[in-house]
Amino acid sequence: MATKQTVRCPNCGTLAERSYTHKITQTQCHRCDYLMITCSVTGKVVEAYAPGLSLRC
């Protein structure tokens with residue numbers, strides 16, 4: 001069973017949706033197409049997509 005909450009998108013600042021399922025946290029924004037899926041146990045990123053953000057090394 002997933003628990004959902006409304007949060008601010010870290011990419012564009014509009015309202016986004018965060019859902020928690022068994023060991024997975026998913027944050028997505030339908031306005032800017034931001035997506036972040038992480039493991040709730042380890043904190044490691046499983047999948048991420050954030051248009052408009054550049055990589056910094």
# chains A, B, ... in the order shown; residues from 1 in each chain; ligands from 1
call {"tool": "residues_around", "arguments": {"residues": "Cys9 in chain A", "least_positions_apart": "2", "cutoff": "9 Å", "atoms": "only C-alpha atoms", "output": "list in words"}}
result
Val7, Asn11, Cys12, Gly13, Thr14, Leu15, Ala16, Glu17, Thr27, Gln28, Cys29, Cys32 and Tyr34 of chain A
call {"tool": "select_by_dssp", "arguments": {"residues": "chain A", "states": "strand (DSSP E or B)", "output": "compact mmCIF listing (two decimals) with C-alpha atoms, in the first residue's frame"}}
result
# COMPACT_ATOMS: atom_id res chain seq x y z
CA THR A 3 1.28 6.48 1.17
CA LYS A 4 1.12 9.75 -0.78
CA GLN A 5 1.83 13.32 0.23
CA THR A 6 2.10 16.67 -1.53
CA VAL A 7 5.53 18.33 -1.42
CA ARG A 8 7.32 21.12 -3.28
CA LEU A 15 3.41 21.16 -5.95
CA ALA A 16 4.62 17.63 -6.61
CA GLU A 17 3.65 14.19 -5.35
CA ARG A 18 5.76 11.94 -3.13
CA SER A 19 4.73 8.34 -2.62
CA TYR A 20 6.15 5.80 -0.23
CA THR A 21 5.86 2.08 -0.89
CA ILE A 24 10.83 2.83 -2.31
CA THR A 25 10.28 6.61 -2.22
CA GLN A 26 9.19 8.27 -5.46
CA THR A 27 8.92 12.02 -6.01
CA GLN A 28 7.44 13.29 -9.26
CA LEU A 35 11.38 12.22 -11.19
CA MET A 36 13.43 10.82 -8.30
CA ILE A 37 13.13 7.24 -7.08
CA THR A 38 15.21 6.25 -4.06
CA CYS A 39 15.58 3.26 -1.78
CA VAL A 45 19.06 6.69 -6.04
CA VAL A 46 17.37 4.04 -8.16
CA GLU A 47 16.29 6.34 -11.00
CA ALA A 48 16.36 10.09 -11.56
CA TYR A 49 15.33 12.54 -14.25
call {"tool": "decode", "arguments": {"residues": "chain A", "atoms": "C-alpha atoms", "output": "short mmCIF file (atom, residue, chain, number, x, y, z; two decimals), in the first residue's frame"}}
result
data_model
loop_
_atom_site.label_atom_id
_atom_site.label_comp_id
_atom_site.auth_asym_id
_atom_site.auth_seq_id
_atom_site.Cartn_x
_atom_site.Cartn_y
_atom_site.Cartn_z
CA MET A 1 0.00 0.00 0.00
CA ALA A 2 1.40 3.39 -1.00
CA THR A 3 1.28 6.48 1.17
CA LYS A 4 1.12 9.75 -0.78
CA GLN A 5 1.83 13.32 0.23
CA THR A 6 2.10 16.67 -1.53
CA VAL A 7 5.53 18.33 -1.42
CA ARG A 8 7.32 21.12 -3.28
CA CYS A 9 9.24 20.07 -6.36
CA PRO A 10 12.98 20.56 -5.77
CA ASN A 11 13.40 21.40 -9.46
CA CYS A 12 10.69 24.04 -10.17
CA GLY A 13 9.04 24.69 -6.78
CA THR A 14 5.46 23.80 -7.74
CA LEU A 15 3.41 21.16 -5.95
CA ALA A 16 4.62 17.63 -6.61
CA GLU A 17 3.65 14.19 -5.35
CA ARG A 18 5.76 11.94 -3.13
CA SER A 19 4.73 8.34 -2.62
CA TYR A 20 6.15 5.80 -0.23
CA THR A 21 5.86 2.08 -0.89
CA HIS A 22 7.71 -0.91 0.50
CA LYS A 23 11.35 0.34 0.56
CA ILE A 24 10.83 2.83 -2.31
CA THR A 25 10.28 6.61 -2.22
CA GLN A 26 9.19 8.27 -5.46
CA THR A 27 8.92 12.02 -6.01
CA GLN A 28 7.44 13.29 -9.26
CA CYS A 29 6.35 16.63 -10.67
CA HIS A 30 3.92 16.70 -13.56
CA ARG A 31 4.73 20.32 -14.43
CA CYS A 32 8.47 20.02 -15.09
CA ASP A 33 8.69 16.21 -15.49
CA TYR A 34 11.00 15.79 -12.45
CA LEU A 35 11.38 12.22 -11.19
CA MET A 36 13.43 10.82 -8.30
CA ILE A 37 13.13 7.24 -7.08
CA THR A 38 15.21 6.25 -4.06
CA CYS A 39 15.58 3.26 -1.78
CA SER A 40 14.07 4.17 1.60
CA VAL A 41 16.46 1.83 3.42
CA THR A 42 19.83 2.87 1.94
CA GLY A 43 18.98 6.28 0.48
CA LYS A 44 20.54 5.29 -2.84
CA VAL A 45 19.06 6.69 -6.04
CA VAL A 46 17.37 4.04 -8.16
CA GLU A 47 16.29 6.34 -11.00
CA ALA A 48 16.36 10.09 -11.56
CA TYR A 49 15.33 12.54 -14.25
CA ALA A 50 15.40 16.30 -13.83
CA PRO A 51 15.18 18.32 -17.04
CA GLY A 52 16.90 21.67 -16.86
CA LEU A 53 19.45 20.64 -14.24
CA SER A 54 23.02 20.23 -15.45
CA LEU A 55 25.57 17.84 -14.00
CA ARG A 56 28.30 19.33 -11.86
CA CYS A 57 31.47 17.34 -11.33
#
